[in-house]
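Data block below; observations after.
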Amino acid sequence: MKNLKSLKALVKNFNRAKVLVIGDLILDEYISGGAERISPEAPVPVIWADKRHYVPGGAANVVNNILAMDAKASAVGVVGDDLNAKILVGQLKKRGADISGVFVQPRRHTTLKTRILAGHQQVVRVDWEHRDPLSKEVNEKILKFIEKKLPGYDGLVIEDYGKGVVNSGLLERLVELAKKYKKILTVDPKEENFFCYRGVTAITPNRKELENAVRNLKIKDMTNSFRVNSERLFTDKEINTAAFEVMGYLGLESVLVTLGEQGMRLFEKGKNFTHIPTVAQEVFDVSGAGDTVIACFTLALCLGASKLQAAHIANFAAGIVVSKLGTAVTTRPELLSRIK
């Protein structure tokens with residue numbers, strides 16, 4: 001009971017936290033309707049669309065999750081000079097986000113993920129995006145913005161969806177700034193960029209991302225323990241070894257691995273791992289669950305929580321959002337009610 005009370009006390013204070021979120025800003029579009037027949041043109045269902053709605057995705061969803069916890073959040077990233085940018089920025093402003101760090105890069109698509117649903121069943125997803133690295137000019141604008149803002153914030157989240165915003169030069173400078181101002185720095189990683197996360201506070205990969213990172217890193221000391229070129233799934237023991245090796249190799253304080261229906265596993269420097277079973281009552285849709293995890297994990301760390309306390313809070317929050325349809329968030333009252 002004492003431990004649950006401490007978790008609730010942390011969540012009750014979430015409104016005191018301020019977090020900068022940098023990464024790939026995405027607009028999630030949902031088009032839904034009924035499907036009563038098959039198209040005569042191809043063996044696919046015809047969707048009688050009757051509803052369309054938009055929600056922030058990617059790094060914008062991390063911002064949305066932080067705001068839903070009544071904390072303050074600033075979105076940092078790029079959008080194109082297009083209608084989707086206006087919709088996405090409008091969605092963030094409506095929720096109370098600081099959008100002064102959102103920069104426009106002409107001739108670049110605002111990343112859009114369109115999901116078409118028949119009832120509750122997703123039929124197809126269509127992505128519009130550019131993955132090209134940012135221009136040097138935009139990169140510098142982002143760094144100057146963060147250097148100016150970071151002293152007034154408690155932490156920094158890097159949400160890496162591999163769309164070009166997060167790059168090695170940017171990451172190196174962000175790690176330096178976080179250390180300079182003694183701020184929490186967490187990363188929701190992309191396996192291709194694992195080399196670049198050296199020195200951050202924590203990373204929150206899912207099982208697949210950790211496995212692929214080990215294959216891509218090909219760390220000398222790990223090649224004897226893992227068949228890095230194999231596509232087979234790692235055993236639980238290999239997941240544990242991989243997480244500890246990656247943590248040591250990158251000089252991290254901790255690694256929080258999300259394991260879907262198996263819950264989470266927290267690895268901390270100088271400690272044994274802790275397995276946290278899932279608290280999800282029903283898994284309906286895992287879209288954006290990783291965004292919720294890093295948002296709540298980081299908020300708790302910003303308020304002085306231990307890594308284990310922060311992981312437990314993130315686990316409760318993830319259990320709520322996976323029971324909702326689409327890219328969703330949980331609110332602070334919902335989270336407080338679930339922690340029991």
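Chain labels run A, B, ... following the order of the structure tokens; each chain numbers its residues from 1, and ligands are numbered from 1 in the order shown.
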
Test item: residues at most 10 Å from Arg52 of chain A, only C-alpha atoms, excluding those fewer than 5 positions along its chain, as a list in words:
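So the residues in contact are Glu29, Tyr30, Ile31, Ser32, Gly33, Thr114, Arg115 and Ile116 of chain A.
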
Create the file for the chosen residues now, containing N, CA and C atoms and written as a PDB file, in the first residue's frame.
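Okay, this is what ended up in result-v3.pdb:
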```
ATOM      1  N   GLU A  29      -4.321  10.335 -39.096  1.00  0.00           N
ATOM      2  CA  GLU A  29      -5.662  10.533 -39.636  1.00  0.00           C
ATOM      3  C   GLU A  29      -6.411   9.203 -39.613  1.00  0.00           C
ATOM      4  N   TYR A  30      -7.652   9.241 -39.153  1.00  0.00           N
ATOM      5  CA  TYR A  30      -8.483   8.040 -39.115  1.00  0.00           C
ATOM      6  C   TYR A  30      -9.733   8.269 -39.970  1.00  0.00           C
ATOM      7  N   ILE A  31      -9.923   7.394 -40.948  1.00  0.00           N
ATOM      8  CA  ILE A  31     -11.125   7.417 -41.787  1.00  0.00           C
ATOM      9  C   ILE A  31     -11.868   6.114 -41.531  1.00  0.00           C
ATOM     10  N   SER A  32     -13.105   6.214 -41.083  1.00  0.00           N
ATOM     11  CA  SER A  32     -13.831   5.000 -40.715  1.00  0.00           C
ATOM     12  C   SER A  32     -15.218   4.967 -41.335  1.00  0.00           C
ATOM     13  N   GLY A  33     -15.724   3.772 -41.449  1.00  0.00           N
ATOM     14  CA  GLY A  33     -17.062   3.564 -42.005  1.00  0.00           C
ATOM     15  C   GLY A  33     -17.404   2.093 -42.036  1.00  0.00           C
ATOM     16  N   THR A 114      -2.392   7.753 -42.540  1.00  0.00           N
ATOM     17  CA  THR A 114      -3.845   7.614 -42.697  1.00  0.00           C
ATOM     18  C   THR A 114      -4.233   6.158 -42.496  1.00  0.00           C
ATOM     19  N   ARG A 115      -5.088   5.918 -41.526  1.00  0.00           N
ATOM     20  CA  ARG A 115      -5.591   4.572 -41.259  1.00  0.00           C
ATOM     21  C   ARG A 115      -7.062   4.509 -41.664  1.00  0.00           C
ATOM     22  N   ILE A 116      -7.399   3.531 -42.482  1.00  0.00           N
ATOM     23  CA  ILE A 116      -8.775   3.354 -42.927  1.00  0.00           C
ATOM     24  C   ILE A 116      -9.354   2.144 -42.213  1.00  0.00           C
TER      25      ILE A 116
END
```

Pick out the residues sitting within 10 Å of segment 133-144 of chain A, and hand them over as a PyMOL selection string; count only C-alpha atoms, and ignore anything fewer than 6 positions along from it in its own chain.
chain A and resi 22+76-78+101-105+108+162-167+169-171+173-174+177

Could those residues be written to a file, using C-alpha atoms, as a CSV table (one decimal), in the first residue's frame?
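Output (part06.csv):
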```csv
chain,number,residue,atom,x,y,z
A,22,ILE,CA,11.9,16.8,-29.8
A,76,VAL,CA,10.2,20.7,-31.2
A,77,GLY,CA,10.4,19.5,-34.7
A,78,VAL,CA,9.6,20.2,-38.3
A,101,GLY,CA,9.8,25.2,-31.6
A,102,VAL,CA,7.9,23.8,-34.6
A,103,PHE,CA,9.8,24.9,-37.7
A,104,VAL,CA,8.5,24.9,-41.3
A,105,GLN,CA,10.7,23.2,-43.9
A,108,ARG,CA,9.0,18.6,-47.1
A,162,GLY,CA,13.3,7.6,-38.2
A,163,LYS,CA,11.8,10.4,-40.3
A,164,GLY,CA,15.0,12.5,-40.4
A,165,VAL,CA,14.7,14.9,-37.5
A,166,VAL,CA,16.9,13.0,-35.1
A,167,ASN,CA,20.5,12.7,-36.4
A,169,GLY,CA,25.0,15.6,-34.8
A,170,LEU,CA,21.8,16.8,-33.1
A,171,LEU,CA,22.0,14.0,-30.6
A,173,ARG,CA,24.7,18.3,-28.9
A,174,LEU,CA,21.5,17.4,-27.0
A,177,LEU,CA,23.2,20.3,-23.2
```

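Candidate residues A:Ile66, A:Val321, A:Ala97, A:Ala85 were compared for distance to Arg338 of chain A, and the nearest is A:Val321, using only C-alpha atoms.
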
Quick one: residues within 12 Å of Asn206 of chain A, only C-alpha atoms, excluding same-chain residues fewer than 4 positions away - as a PyMOL selection string?
chain A and resi 187-191+210-213+239+243+255-266+286+289-291+293-294

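Using only C-alpha atoms for every distance, the candidate list A:Ser306, A:Thr292, A:Ser254, A:Ser323 yields A:Ser254 as the residue closest to Lys269 of chain A.
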
Would you give me, as number ranges by chain, the residues in segment 16-194 of chain A that DSSP reads as alpha helix (DSSP H)?
A: 59-68, 83-94, 136-149, 168-180

Store the residues of this selection in a file with N, CA and C atoms, as a CSV table (one decimal), in the first residue's frame.
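Writing the result to part37.csv gives the following:
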```csv
chain,number,residue,atom,x,y,z
A,59,ALA,N,6.2,12.2,-32.1
A,59,ALA,CA,6.6,13.1,-31.0
A,59,ALA,C,5.5,14.0,-30.6
A,60,ALA,N,4.5,14.3,-31.5
A,60,ALA,CA,3.4,15.1,-31.1
A,60,ALA,C,2.5,14.3,-30.2
A,61,ASN,N,2.5,13.0,-30.3
A,61,ASN,CA,1.7,12.2,-29.3
A,61,ASN,C,2.3,12.2,-28.0
A,62,VAL,N,3.6,12.2,-27.9
A,62,VAL,CA,4.3,12.3,-26.6
A,62,VAL,C,3.9,13.6,-25.9
A,63,VAL,N,3.9,14.7,-26.7
A,63,VAL,CA,3.4,16.0,-26.2
A,63,VAL,C,2.0,15.9,-25.7
A,64,ASN,N,1.2,15.3,-26.5
A,64,ASN,CA,-0.2,15.1,-26.1
A,64,ASN,C,-0.4,14.3,-24.8
A,65,ASN,N,0.4,13.2,-24.6
A,65,ASN,CA,0.3,12.5,-23.4
A,65,ASN,C,0.8,13.3,-22.2
A,66,ILE,N,1.8,14.1,-22.4
A,66,ILE,CA,2.3,14.9,-21.3
A,66,ILE,C,1.2,15.9,-20.9
A,67,LEU,N,0.6,16.6,-21.9
A,67,LEU,CA,-0.5,17.5,-21.6
A,67,LEU,C,-1.7,16.9,-20.9
A,68,ALA,N,-2.0,15.6,-21.3
A,68,ALA,CA,-3.1,14.9,-20.7
A,68,ALA,C,-2.8,14.6,-19.2
A,83,LEU,N,-1.3,21.8,-45.8
A,83,LEU,CA,-2.5,21.8,-45.0
A,83,LEU,C,-2.4,20.9,-43.7
A,84,ASN,N,-1.7,19.8,-43.9
A,84,ASN,CA,-1.5,18.9,-42.8
A,84,ASN,C,-0.8,19.5,-41.6
A,85,ALA,N,0.2,20.4,-41.9
A,85,ALA,CA,0.9,21.1,-40.9
A,85,ALA,C,0.0,22.0,-40.1
A,86,LYS,N,-0.9,22.7,-40.8
A,86,LYS,CA,-1.9,23.5,-40.1
A,86,LYS,C,-2.8,22.7,-39.2
A,87,ILE,N,-3.2,21.5,-39.7
A,87,ILE,CA,-4.1,20.7,-38.8
A,87,ILE,C,-3.3,20.2,-37.6
A,88,LEU,N,-2.1,19.7,-37.8
A,88,LEU,CA,-1.3,19.2,-36.7
A,88,LEU,C,-1.0,20.3,-35.7
A,89,VAL,N,-0.5,21.4,-36.1
A,89,VAL,CA,-0.2,22.5,-35.2
A,89,VAL,C,-1.4,23.0,-34.5
A,90,GLY,N,-2.6,23.0,-35.2
A,90,GLY,CA,-3.8,23.4,-34.6
A,90,GLY,C,-4.2,22.4,-33.5
A,91,GLN,N,-4.0,21.1,-33.7
A,91,GLN,CA,-4.3,20.1,-32.7
A,91,GLN,C,-3.5,20.3,-31.5
A,92,LEU,N,-2.2,20.6,-31.6
A,92,LEU,CA,-1.3,20.8,-30.5
A,92,LEU,C,-1.7,22.1,-29.7
A,93,LYS,N,-1.9,23.2,-30.5
A,93,LYS,CA,-2.3,24.4,-29.8
A,93,LYS,C,-3.6,24.3,-29.0
A,94,LYS,N,-4.5,23.5,-29.6
A,94,LYS,CA,-5.8,23.3,-28.9
A,94,LYS,C,-5.6,22.6,-27.6
A,136,LYS,N,21.0,21.8,-42.7
A,136,LYS,CA,21.9,22.3,-41.6
A,136,LYS,C,21.3,23.6,-41.0
A,137,GLU,N,20.6,24.4,-41.7
A,137,GLU,CA,20.0,25.6,-41.2
A,137,GLU,C,18.9,25.3,-40.2
A,138,VAL,N,18.0,24.3,-40.5
A,138,VAL,CA,16.9,23.9,-39.6
A,138,VAL,C,17.5,23.3,-38.4
A,139,ASN,N,18.5,22.4,-38.6
A,139,ASN,CA,19.2,21.7,-37.4
A,139,ASN,C,19.7,22.8,-36.4
A,140,GLU,N,20.3,23.8,-36.9
A,140,GLU,CA,20.8,24.9,-36.0
A,140,GLU,C,19.7,25.6,-35.3
A,141,LYS,N,18.6,25.9,-36.0
A,141,LYS,CA,17.5,26.5,-35.4
A,141,LYS,C,17.0,25.7,-34.2
A,142,ILE,N,16.9,24.4,-34.4
A,142,ILE,CA,16.4,23.5,-33.4
A,142,ILE,C,17.3,23.6,-32.2
A,143,LEU,N,18.6,23.5,-32.4
A,143,LEU,CA,19.5,23.4,-31.3
A,143,LEU,C,19.6,24.8,-30.5
A,144,LYS,N,19.5,25.9,-31.3
A,144,LYS,CA,19.4,27.2,-30.6
A,144,LYS,C,18.2,27.3,-29.7
A,145,PHE,N,17.1,26.8,-30.3
A,145,PHE,CA,15.8,26.9,-29.5
A,145,PHE,C,15.9,26.1,-28.2
A,146,ILE,N,16.4,24.9,-28.3
A,146,ILE,CA,16.5,24.0,-27.2
A,146,ILE,C,17.5,24.5,-26.1
A,147,GLU,N,18.6,25.1,-26.6
A,147,GLU,CA,19.6,25.6,-25.7
A,147,GLU,C,19.0,26.8,-24.9
A,148,LYS,N,18.2,27.6,-25.6
A,148,LYS,CA,17.5,28.7,-24.9
A,148,LYS,C,16.4,28.3,-23.9
A,149,LYS,N,15.7,27.2,-24.3
A,149,LYS,CA,14.5,26.8,-23.5
A,149,LYS,C,14.9,25.8,-22.4
A,168,SER,N,22.8,12.2,-35.8
A,168,SER,CA,23.9,12.0,-34.9
A,168,SER,C,24.4,13.3,-34.4
A,169,GLY,N,24.5,14.3,-35.2
A,169,GLY,CA,25.0,15.6,-34.8
A,169,GLY,C,24.1,16.3,-33.8
A,170,LEU,N,22.8,16.2,-34.0
A,170,LEU,CA,21.8,16.8,-33.1
A,170,LEU,C,21.9,16.1,-31.8
A,171,LEU,N,21.9,14.7,-31.8
A,171,LEU,CA,22.0,14.0,-30.6
A,171,LEU,C,23.2,14.3,-29.7
A,172,GLU,N,24.3,14.4,-30.3
A,172,GLU,CA,25.5,14.7,-29.6
A,172,GLU,C,25.4,16.0,-28.9
A,173,ARG,N,24.9,17.0,-29.5
A,173,ARG,CA,24.7,18.3,-28.9
A,173,ARG,C,23.7,18.3,-27.8
A,174,LEU,N,22.6,17.5,-28.0
A,174,LEU,CA,21.5,17.4,-27.0
A,174,LEU,C,22.0,16.8,-25.7
A,175,VAL,N,22.8,15.7,-25.9
A,175,VAL,CA,23.4,15.1,-24.7
A,175,VAL,C,24.3,16.0,-23.9
A,176,GLU,N,25.1,16.8,-24.6
A,176,GLU,CA,26.0,17.8,-24.0
A,176,GLU,C,25.1,18.8,-23.2
A,177,LEU,N,24.0,19.3,-23.8
A,177,LEU,CA,23.2,20.3,-23.2
A,177,LEU,C,22.5,19.7,-22.0
A,178,ALA,N,22.0,18.5,-22.1
A,178,ALA,CA,21.3,17.9,-20.9
A,178,ALA,C,22.3,17.7,-19.7
A,179,LYS,N,23.5,17.4,-20.0
A,179,LYS,CA,24.5,17.2,-19.0
A,179,LYS,C,24.9,18.6,-18.4
A,180,LYS,N,25.0,19.6,-19.3
A,180,LYS,CA,25.4,21.0,-18.8
A,180,LYS,C,24.4,21.5,-17.9
```
